[in-house]
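Engineer: Supplied in structure tokens, the structure appears directly below.
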Amino acid sequence: MPTPSLIVGLRLDGKKAAVFGDGPAAANRVIFALDAGANVVLYAPNAPESLIKWVDAGRMSVVPASKYAAADIAAFSVAFVASGTAPVAQAIARDARAAGVPVNVAGDSELSDFVLMPTYRGASSLQIAVTTNGVAPRAASRLLKEIVDKLPGDLEPQLQQAAQLNDVARAADRQREQLLAGMDAAAASADASADATAANTPAQQVSAAASSVDDHPAALDLAPLRASAEQVEQAVGAQTAAGYVAHALSDLCFVYAAREQTLGDAALAWSRRAEKNAFGEWVSALRMETRAGAGHALWGALAAGSRVAAIAGAASLPYMAPVLAELAARRQPIVVHAAAQSLNAQANVQTDFSDVFAALQSRAVVLASASAQEAHDLAAVAHAVAQAAGVPVVHVTSGAEAVVSVQMLSHSQLTGFVGAAAADGDVQPAAAVEQALSRFATTSGRTYRPLEYTGHADAETVFVALGQVASDALAALPAISEDSRAGVLNVRVLRPWDHAQLVANLPPTTKRLVVLSSARDADVACDALLADVSVSALIGSSTPLAVCGENVFGAGALGVANVMRTALDLEPLVEEEVEEKTEEKTEEKVDEKSAAAAEPTAVFDSALEVAKRLAFPEAYGTEVSARPGEKTFTVSVSSLRRMTPDTYDRNIIHIEFDTRGTDLTYEIGDALGVYGYNDEAQVREFCAAYGLDGAQLVTAVKDGQTQTRTVHSWLTHALDLFGRPSKKFYAALAEFARDEKQAEKLRWLTTSEGAVEFKDRVADTVTYAELLMEFASARPSILHLVDLITPIKPRHYSIASSARMHPGSVHLCVVSVHWKNRAGVARTGQCTRFLDALSIGDRVVVSVKPS
């Protein structure tokens with residue numbers, strides 16, 4: 001019987017580990033040590049191909065086994081021997097013991113100081129290991145599986161909550177005991193001790209599985225903002241812009257967001273990097289769960305004397321509302337930056353104010369921003385109002401996380417701005433908002449009003465909206481104003497609400513108010529804002545005002561424009577008309593450095609990491625899907641024939657798809673969405689010309705979903721490489737051009753002077769691929785291309801069959817789209833080319849769009 005061992009956990013993070021051997025057992029031990037955070041020296045003739053990337057990353061080095069000397073072993077914290085010869089293994093084990101270095105010898109428990117055990121690593125801090133001390137390793141693995149299978153389903157969330165509460169307690173203790181006094185010295189010294197670093201570094205993230213997300217390598221560099229006394233222009237999205245202010249003006253930041261959301265990622269990354277706030281203090285950013293009583297941690301942190309901010313999805317607000325109401329009653333200053341977002345059936349981000357209305361009943365001040373610039377600016381205003389009035393403030397951001405150029409206040413400007421507000425003393429919320437907006441205009445040069453009207457001076461119809469919906473309405477207004485007298489009232493302050501101010505901001509000719517809201521729940525879509533506007537119109541206006549509401553949830557910019565046009569009895573526009581009218585009316589302002597200066601959101605991935613996610617889908621939340629986040633079905637072609645004579649100039653084809661084995665159902669009038677792929681030969685040709693490795697793995701967020709594909713798959717199945725680029729892509733491409741003449745030509749095409757040639761290019765269907773080849777000095781990386789090229793969208797065709805007459809089948813009649821451009825070059829519709837190439841038995845990804 002072997003001697004029982006003492007089971008301990010060995011921390012290897014940052015320590016050196018030696019591995020001897022060149023076979024699979026040695027490679028497995030290298031991975032084991034790397035996963036534990038160790039830096040590995042492999043004594044072998046060479047490194048296996050699968051480990052080369054770790055050598056390139058500086059985490060691993062390879063030394064020929066012949067150069068090993070007994071004295072070398074003392075430099076390591078642990079040693080693994082997987083050599084095939086017993087004398088070599090015995091000699092290395094003897095050297096390790098003499099130097100006091102723990103050693104593991106593969107297949108020999110007698111020579112080993114420790115054994116490797118089958119281990120379960122949960123999403124939280126939970127680890128379970130089982131050992132038979134080398135007697136029956138397979139039995140240990142089976143026993144571990146049985147234990148894990150019987151774990152309570154709610155154990156992991158409970159452990160995460162316990163870890164978070166411990167982090168909060170430690171942060172409060174650190175605050176009370178004023179340990180921050182020694183942090184400046186620790187930061188200034190590159191040789192600061194590990195103990196000082198561990199004491200001063202903010203709380204680590206709970207889940208190892210999500211560490212790559214929380215590290216957020218593309219998070220904004222704070223150094224320029226810390227060093228400057230003036231505003232700094234940065235390329236960021238709305239959530240990052242608001243998160244910067246939250247991090248700068250707090251020492252404890254709570255993040256209430258699901259793992260698949262990017263909310264708060266930047267703040268979490270800054271905390272992990274030990275970035276200081278605007279007061280020169282360390283910030284702890286903690287990821288929390290959204291559940292009943294979600295706001296209690298905020299209350300506890302405030303009681304401990306911390307400067308507290310929260311970054312949350314709006315879905316957290318109903319859970320926070322009771323605590324916010326109590327904090328308002330006790331005059332406690334705190335700011336919650338809430339993203340008004342939800343995901344639709346295709347997992348795309350939609351502006352959703354449903355849960356925002358819960359905050360209106362909490363007696364908190366509620367502000368709403370409509371762009372990335374406003375998100376930054378009103379975030380600063382929110383913190384100033386909280387300090388001046390001593391109340392909770394909810395700052396609502398909305399819209400997609402598009403990266404744009406934002407003028408950001410430096411750390412010194414933020415502390416001066418908020419400090420002046422705090423010096424105002426006990427101010428009523430309404431007055432605090434007015435003072436903060438006025439002071440912000442002086443500080444930044446940008447002016448905001450609680451309610452701001454834009455439009456015709458003699459408007460009869462005024463659309464009232466907030467956040468992203470207001471931004472979409474303002475974008476649609478130029479195309480409407482030439483046909484109708486209308487305007488838009490942008491609501492930035494939801495609470496406190498001023499009835500008189502609403503009426504005062506309307507043109508005296510106003511006869512009708514149309515409230516545009518965006519909420520997934522149609523029953524409450526306009527209730528809160530509509531009720532406020534209705535009461536204001538009733539008691540504040542001397543002339544009768546008609547008030548109605550429209551829910552534009554999921555409509556997008558085009559949908560908002562058409563709701564407005566319908567309300568004005570104007571013909572709705574198709575997407576191309578909206579784009580042309582907007583470009584004719586207003587010249588798009590393009591940031592000259594945002595695309596090239598900004599880090600791409602896409603990142604290169606490794607085969608090892610992808611293999612882990614595929615091997616442990618539940619731990620990593622992995623899903624294998626042709627179209628991630630979308631309800632799709634894979635069907636096969638059962639019949640394919642041309643319906644028109646060969647002599648006819650238009651080709652109409654009849655296609656039948658076999659749906660047996662799927663749960664696809666449809667009704668008469670529904671449309672079938674077909675996901676056409678790009679031609680693989682053309683993609684390979686483009687990759688060769690552009691110098692791309694088609695096998696390289698890239699992970700990126702597209703259509704609101706994190707996807708991992710090879711470069712070839714991105715360009716074949718996901719990106720509309722042979723589609724028509726927008727003017728925005730021309731402008732972005734100009735930023736990458738090394739040839740100044742090409743850059744100037746690309747920029748010129750986006751101006752009103754180049755509008756005629758740009759329209760000619762649109763008519764000729766110049767593709768992304770052709771544009772990249774034409775302007776060869778502009779070479780965005782594949783990571784930038786994944787960000788910049790629009791995704792392939794499904795082509796919808798009316799279904800030409802009845803499910804009752806043809807069960808297990810769905811039929812289409814499709815007109816092939818072929819034409820020649822002005823130069824005589826043959827063109828084919830993207831989906832037409834895909835359908836033309838189909839054969840019987842081919843599998844096709846489809847979706848159903850209800851009528």
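Identifiers in the structure tokens: chain A, B, ... in order shown; residue index from 1 per chain; ligand index from 1 in order shown.
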Report as a PyMOL selection string all protein, DNA and RNA residues lying within 8 Å of A:Val365, evaluated on only C-alpha atoms, omitting residues in the same chain fewer than 4 positions from it.
Structural biologist: chain A and resi 391-394+429+493-496
Engineer: Export N, CA, C and O atoms of the chosen residues as a PDB file, in the first residue's frame?
Structural biologist:
```pdb
ATOM      1  N   VAL A 391     -27.808  62.667  -3.763  1.00  0.00           N
ATOM      2  CA  VAL A 391     -28.843  61.697  -4.118  1.00  0.00           C
ATOM      3  C   VAL A 391     -28.284  60.704  -5.135  1.00  0.00           C
ATOM      4  O   VAL A 391     -27.284  60.980  -5.802  1.00  0.00           O
ATOM      5  N   PRO A 392     -28.930  59.542  -5.275  1.00  0.00           N
ATOM      6  CA  PRO A 392     -28.537  58.620  -6.353  1.00  0.00           C
ATOM      7  C   PRO A 392     -28.885  59.220  -7.714  1.00  0.00           C
ATOM      8  O   PRO A 392     -29.901  59.901  -7.861  1.00  0.00           O
ATOM      9  N   VAL A 393     -28.031  58.943  -8.685  1.00  0.00           N
ATOM     10  CA  VAL A 393     -28.273  59.384 -10.060  1.00  0.00           C
ATOM     11  C   VAL A 393     -28.133  58.172 -10.970  1.00  0.00           C
ATOM     12  O   VAL A 393     -27.147  57.436 -10.879  1.00  0.00           O
ATOM     13  N   VAL A 394     -29.126  57.951 -11.815  1.00  0.00           N
ATOM     14  CA  VAL A 394     -29.077  56.879 -12.812  1.00  0.00           C
ATOM     15  C   VAL A 394     -28.825  57.528 -14.172  1.00  0.00           C
ATOM     16  O   VAL A 394     -29.620  58.346 -14.630  1.00  0.00           O
ATOM     17  N   PRO A 429     -32.268  68.615  -6.250  1.00  0.00           N
ATOM     18  CA  PRO A 429     -31.876  67.912  -7.473  1.00  0.00           C
ATOM     19  C   PRO A 429     -32.054  68.721  -8.750  1.00  0.00           C
ATOM     20  O   PRO A 429     -31.169  68.732  -9.607  1.00  0.00           O
ATOM     21  N   VAL A 493     -33.183  64.718 -19.412  1.00  0.00           N
ATOM     22  CA  VAL A 493     -33.446  64.614 -17.981  1.00  0.00           C
ATOM     23  C   VAL A 493     -34.859  64.063 -17.795  1.00  0.00           C
ATOM     24  O   VAL A 493     -35.841  64.754 -18.070  1.00  0.00           O
ATOM     25  N   LEU A 494     -34.930  62.814 -17.356  1.00  0.00           N
ATOM     26  CA  LEU A 494     -36.223  62.169 -17.118  1.00  0.00           C
ATOM     27  C   LEU A 494     -36.752  62.455 -15.713  1.00  0.00           C
ATOM     28  O   LEU A 494     -37.959  62.508 -15.498  1.00  0.00           O
ATOM     29  N   ARG A 495     -35.836  62.597 -14.760  1.00  0.00           N
ATOM     30  CA  ARG A 495     -36.198  62.958 -13.394  1.00  0.00           C
ATOM     31  C   ARG A 495     -35.105  63.846 -12.829  1.00  0.00           C
ATOM     32  O   ARG A 495     -33.929  63.509 -12.969  1.00  0.00           O
ATOM     33  N   PRO A 496     -35.453  64.985 -12.235  1.00  0.00           N
ATOM     34  CA  PRO A 496     -36.827  65.479 -12.036  1.00  0.00           C
ATOM     35  C   PRO A 496     -37.420  66.007 -13.345  1.00  0.00           C
ATOM     36  O   PRO A 496     -36.708  66.575 -14.169  1.00  0.00           O
TER      37      PRO A 496
END
```
Engineer: Identify all residues of stretch 266-508 of chain A in helix (DSSP H, G or I) (DSSP on the backbone) and supply them as a ChimeraX atom specification.
Structural biologist: /A:266-272,296-303,314-329,356-359,372-389,411-422,429-444,467-481,499-504
Engineer: Using only C-alpha atoms, which protein or nucleic acid residues come within 9 Å of A:Ser61? Drop anything in the same chain fewer than 2 positions from it, and give the result as a short mmCIF file (atom, residue, chain, number, x, y, z; two decimals) with all heavy atoms, in the first residue's frame.
Structural biologist:
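Contents of the output file around_1.cif:
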```cif
data_model
loop_
_atom_site.label_atom_id
_atom_site.label_comp_id
_atom_site.auth_asym_id
_atom_site.auth_seq_id
_atom_site.Cartn_x
_atom_site.Cartn_y
_atom_site.Cartn_z
N ASN A 39 6.09 29.83 -15.69
CA ASN A 39 6.96 30.00 -16.85
C ASN A 39 7.80 28.72 -16.97
O ASN A 39 8.46 28.31 -16.01
CB ASN A 39 7.87 31.22 -16.69
CG ASN A 39 7.08 32.50 -16.62
OD1 ASN A 39 6.16 32.72 -17.41
ND2 ASN A 39 7.40 33.37 -15.67
N VAL A 40 7.79 28.12 -18.14
CA VAL A 40 8.29 26.75 -18.29
C VAL A 40 9.60 26.73 -19.08
O VAL A 40 9.75 27.43 -20.09
CB VAL A 40 7.24 25.87 -19.01
CG1 VAL A 40 7.79 24.47 -19.23
CG2 VAL A 40 5.97 25.80 -18.17
N VAL A 41 10.54 25.90 -18.58
CA VAL A 41 11.74 25.56 -19.35
C VAL A 41 11.63 24.08 -19.70
O VAL A 41 11.53 23.22 -18.82
CB VAL A 41 13.03 25.82 -18.55
CG1 VAL A 41 14.24 25.34 -19.34
CG2 VAL A 41 13.16 27.31 -18.22
N LEU A 42 11.60 23.77 -21.00
CA LEU A 42 11.48 22.39 -21.47
C LEU A 42 12.85 21.89 -21.89
O LEU A 42 13.48 22.46 -22.80
CB LEU A 42 10.50 22.32 -22.65
CG LEU A 42 10.37 20.95 -23.34
CD1 LEU A 42 9.79 19.92 -22.37
CD2 LEU A 42 9.49 21.06 -24.59
N TYR A 43 13.32 20.85 -21.22
CA TYR A 43 14.59 20.22 -21.59
C TYR A 43 14.27 19.12 -22.59
O TYR A 43 13.81 18.02 -22.23
CB TYR A 43 15.28 19.65 -20.35
CG TYR A 43 15.90 20.72 -19.47
CD1 TYR A 43 15.17 21.30 -18.43
CD2 TYR A 43 17.20 21.16 -19.70
CE1 TYR A 43 15.73 22.29 -17.63
CE2 TYR A 43 17.78 22.15 -18.89
CZ TYR A 43 17.03 22.72 -17.86
OH TYR A 43 17.58 23.69 -17.08
N ALA A 47 10.81 21.94 -29.31
CA ALA A 47 9.45 22.08 -28.78
C ALA A 47 8.45 21.49 -29.78
O ALA A 47 8.59 21.70 -30.99
CB ALA A 47 9.12 23.54 -28.52
N TRP A 54 3.79 29.35 -27.27
CA TRP A 54 4.17 29.73 -25.90
C TRP A 54 5.62 30.20 -25.87
O TRP A 54 5.97 31.07 -25.06
CB TRP A 54 3.98 28.54 -24.97
CG TRP A 54 2.55 28.11 -24.85
CD1 TRP A 54 1.96 27.01 -25.38
CD2 TRP A 54 1.50 28.82 -24.17
NE1 TRP A 54 0.63 26.97 -25.08
CE2 TRP A 54 0.32 28.06 -24.32
CE3 TRP A 54 1.46 30.00 -23.43
CZ2 TRP A 54 -0.89 28.46 -23.78
CZ3 TRP A 54 0.25 30.40 -22.88
CH2 TRP A 54 -0.91 29.63 -23.05
N VAL A 55 6.43 29.63 -26.74
CA VAL A 55 7.81 30.12 -26.86
C VAL A 55 7.80 31.55 -27.38
O VAL A 55 8.49 32.43 -26.87
CB VAL A 55 8.63 29.19 -27.78
CG1 VAL A 55 10.04 29.74 -27.96
CG2 VAL A 55 8.68 27.78 -27.21
N ASP A 56 6.98 31.78 -28.43
CA ASP A 56 6.89 33.12 -29.02
C ASP A 56 6.34 34.13 -28.02
O ASP A 56 6.70 35.31 -28.06
CB ASP A 56 5.97 33.09 -30.26
CG ASP A 56 6.55 32.23 -31.38
OD1 ASP A 56 7.78 32.01 -31.36
OD2 ASP A 56 5.78 31.79 -32.25
N GLY A 58 6.93 34.14 -24.89
CA GLY A 58 7.85 34.36 -23.79
C GLY A 58 7.51 33.58 -22.53
O GLY A 58 8.15 33.78 -21.49
N ARG A 59 6.52 32.68 -22.60
CA ARG A 59 6.13 31.89 -21.44
C ARG A 59 6.91 30.58 -21.33
O ARG A 59 6.83 29.90 -20.32
CB ARG A 59 4.63 31.57 -21.51
CG ARG A 59 3.69 32.76 -21.35
CD ARG A 59 3.57 33.17 -19.89
NE ARG A 59 3.29 32.05 -19.03
CZ ARG A 59 2.07 31.49 -18.88
NH1 ARG A 59 1.04 31.98 -19.55
NH2 ARG A 59 1.89 30.47 -18.06
N VAL A 63 15.55 24.10 -23.91
CA VAL A 63 16.99 23.91 -23.70
C VAL A 63 17.30 22.45 -24.06
O VAL A 63 16.60 21.53 -23.59
CB VAL A 63 17.39 24.18 -22.24
CG1 VAL A 63 18.87 23.87 -22.02
CG2 VAL A 63 17.08 25.62 -21.87
#
```
Engineer: Compare A:Gly487, A:Pro508, A:Pro137, A:Gly9 by their minimum atom-to-atom distance to A:Tyr453, counting only C-alpha atoms, and give me the closest one.
Structural biologist: A:Gly487
Engineer: With only C-alpha atoms as the basis for distance, which of A:Val674, A:Leu733, A:Ala315, A:Leu692 is at the shortest distance from A:Ser798?
Structural biologist: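 For A:Ser798, the nearest of the candidates is A:Val674.
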Engineer: Select, from A:Lys820, A:Arg121, A:Trp282, A:Val464, the residue with the minimum atom-to-atom distance to A:Phe616, counting only C-alpha atoms.
Structural biologist: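 Nearest candidate to A:Phe616 out of A:Lys820, A:Arg121, A:Trp282, A:Val464: A:Arg121.
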Engineer: Report as a list in words all protein, DNA and RNA residues lying within 10 Å of A:Ala763, evaluated on only C-alpha atoms, omitting residues in the same chain fewer than 4 positions from it.
Structural biologist: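 Near neighbours after the sequence-gap exclusion: Arg724, Glu757, Phe758, Lys759, Asn821 and Arg822 of chain A.
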Engineer: Tell me, which residues of stretch 640-829 of chain A carry DSSP strand (DSSP E or B), written as an MDAnalysis selection string?
Structural biologist: chainID A and resid 640:642 652:658 671:674 697:702 705:710 719 737 778 791 795:799 809:815 818:820 826:828
Engineer: Would you export the selected residues with N, CA and C atoms as a compact mmCIF listing (two decimals), in the first residue's frame, please?
Structural biologist:
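Final output, saved to again.txt:
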```
# COMPACT_ATOMS: atom_id res chain seq x y z
N LEU A 640 -34.36 20.88 -57.81
CA LEU A 640 -33.82 22.13 -58.33
C LEU A 640 -34.01 22.13 -59.85
N ARG A 641 -34.84 23.06 -60.34
CA ARG A 641 -35.06 23.08 -61.79
C ARG A 641 -35.36 24.50 -62.27
N ARG A 642 -35.01 24.74 -63.52
CA ARG A 642 -35.29 26.03 -64.16
C ARG A 642 -36.71 26.01 -64.70
N ILE A 652 -35.80 31.88 -63.85
CA ILE A 652 -36.57 31.65 -62.63
C ILE A 652 -36.41 30.19 -62.27
N ILE A 653 -35.90 29.95 -61.04
CA ILE A 653 -35.64 28.58 -60.63
C ILE A 653 -36.58 28.18 -59.49
N HIS A 654 -36.98 26.92 -59.51
CA HIS A 654 -37.83 26.36 -58.47
C HIS A 654 -36.95 25.44 -57.60
N ILE A 655 -36.90 25.75 -56.31
CA ILE A 655 -36.07 24.99 -55.39
C ILE A 655 -36.95 24.38 -54.31
N GLU A 656 -36.72 23.11 -54.01
CA GLU A 656 -37.40 22.45 -52.91
C GLU A 656 -36.37 22.02 -51.88
N PHE A 657 -36.63 22.37 -50.62
CA PHE A 657 -35.74 21.99 -49.53
C PHE A 657 -36.43 20.94 -48.66
N ASP A 658 -35.67 19.91 -48.30
CA ASP A 658 -36.17 18.86 -47.40
C ASP A 658 -35.97 19.34 -45.96
N ALA A 671 -41.74 34.23 -45.16
CA ALA A 671 -40.60 34.27 -46.07
C ALA A 671 -39.50 33.38 -45.52
N LEU A 672 -38.73 32.80 -46.43
CA LEU A 672 -37.60 31.95 -46.05
C LEU A 672 -36.31 32.74 -46.25
N GLY A 673 -35.54 32.89 -45.17
CA GLY A 673 -34.26 33.55 -45.26
C GLY A 673 -33.18 32.57 -45.63
N VAL A 674 -32.46 32.82 -46.71
CA VAL A 674 -31.38 31.94 -47.18
C VAL A 674 -30.05 32.63 -46.90
N LEU A 697 -6.96 31.56 -36.70
CA LEU A 697 -8.20 31.69 -35.94
C LEU A 697 -8.37 33.12 -35.44
N VAL A 698 -9.59 33.64 -35.59
CA VAL A 698 -9.91 35.00 -35.15
C VAL A 698 -11.21 34.95 -34.36
N THR A 699 -11.22 35.61 -33.21
CA THR A 699 -12.43 35.73 -32.39
C THR A 699 -12.87 37.19 -32.38
N ALA A 700 -14.17 37.40 -32.61
CA ALA A 700 -14.69 38.77 -32.66
C ALA A 700 -16.17 38.75 -32.30
N VAL A 701 -16.67 39.92 -31.93
CA VAL A 701 -18.10 40.09 -31.69
C VAL A 701 -18.73 40.64 -32.96
N LYS A 702 -19.67 39.91 -33.52
CA LYS A 702 -20.36 40.33 -34.73
C LYS A 702 -21.85 40.10 -34.52
N GLN A 705 -22.77 38.78 -31.13
CA GLN A 705 -22.36 37.44 -30.72
C GLN A 705 -20.85 37.29 -30.83
N THR A 706 -20.23 36.71 -29.80
CA THR A 706 -18.81 36.40 -29.86
C THR A 706 -18.63 35.13 -30.69
N GLN A 707 -17.87 35.25 -31.77
CA GLN A 707 -17.70 34.14 -32.70
C GLN A 707 -16.22 33.86 -32.90
N THR A 708 -15.87 32.59 -33.04
CA THR A 708 -14.50 32.19 -33.38
C THR A 708 -14.55 31.43 -34.70
N ARG A 709 -13.81 31.92 -35.67
CA ARG A 709 -13.76 31.30 -37.00
C ARG A 709 -12.33 31.39 -37.53
N THR A 710 -12.04 30.59 -38.54
CA THR A 710 -10.80 30.80 -39.28
C THR A 710 -10.98 32.02 -40.17
N LEU A 719 -18.64 37.43 -43.54
CA LEU A 719 -18.47 38.83 -43.97
C LEU A 719 -18.84 38.99 -45.45
N ALA A 737 -4.52 54.25 -45.52
CA ALA A 737 -3.75 54.41 -46.75
C ALA A 737 -2.40 55.06 -46.46
N ALA A 778 -3.68 50.94 -48.77
CA ALA A 778 -4.50 50.81 -47.57
C ALA A 778 -4.62 49.33 -47.25
N PRO A 791 -21.61 42.15 -41.98
CA PRO A 791 -21.86 40.71 -42.07
C PRO A 791 -22.81 40.36 -43.21
N ARG A 795 -30.99 36.50 -47.37
CA ARG A 795 -31.84 37.01 -48.45
C ARG A 795 -33.20 36.34 -48.28
N HIS A 796 -34.25 37.14 -48.13
CA HIS A 796 -35.58 36.59 -47.85
C HIS A 796 -36.38 36.43 -49.15
N TYR A 797 -36.95 35.24 -49.31
CA TYR A 797 -37.78 34.92 -50.46
C TYR A 797 -39.15 34.45 -49.97
N SER A 798 -40.20 34.90 -50.64
CA SER A 798 -41.54 34.46 -50.26
C SER A 798 -41.66 32.96 -50.49
N ILE A 799 -42.18 32.25 -49.50
CA ILE A 799 -42.34 30.80 -49.60
C ILE A 799 -43.45 30.47 -50.61
N SER A 809 -41.33 19.81 -46.30
CA SER A 809 -40.69 20.45 -47.44
C SER A 809 -41.08 21.92 -47.50
N VAL A 810 -40.20 22.73 -48.04
CA VAL A 810 -40.51 24.15 -48.27
C VAL A 810 -39.96 24.50 -49.65
N HIS A 811 -40.77 25.24 -50.43
CA HIS A 811 -40.43 25.53 -51.83
C HIS A 811 -40.22 27.03 -52.04
N LEU A 812 -39.34 27.35 -52.99
CA LEU A 812 -39.10 28.73 -53.39
C LEU A 812 -39.14 28.84 -54.90
N CYS A 813 -39.61 29.98 -55.40
CA CYS A 813 -39.44 30.37 -56.80
C CYS A 813 -38.59 31.62 -56.80
N VAL A 814 -37.40 31.51 -57.37
CA VAL A 814 -36.41 32.58 -57.23
C VAL A 814 -36.01 33.11 -58.60
N VAL A 815 -36.00 34.42 -58.72
CA VAL A 815 -35.52 35.07 -59.94
C VAL A 815 -34.03 35.32 -59.79
N HIS A 818 -28.84 38.82 -62.46
CA HIS A 818 -27.61 38.99 -63.22
C HIS A 818 -27.69 40.31 -63.98
N TRP A 819 -26.59 41.04 -64.07
CA TRP A 819 -26.58 42.28 -64.82
C TRP A 819 -25.13 42.63 -65.18
N LYS A 820 -24.98 43.66 -66.00
CA LYS A 820 -23.66 44.17 -66.34
C LYS A 820 -23.58 45.63 -65.91
N ALA A 826 -19.77 41.59 -65.88
CA ALA A 826 -20.93 40.82 -65.42
C ALA A 826 -20.98 40.81 -63.90
N ARG A 827 -22.17 41.05 -63.39
CA ARG A 827 -22.38 41.03 -61.95
C ARG A 827 -23.48 40.03 -61.62
N THR A 828 -23.37 39.42 -60.43
CA THR A 828 -24.37 38.46 -59.96
C THR A 828 -24.69 38.75 -58.50
```
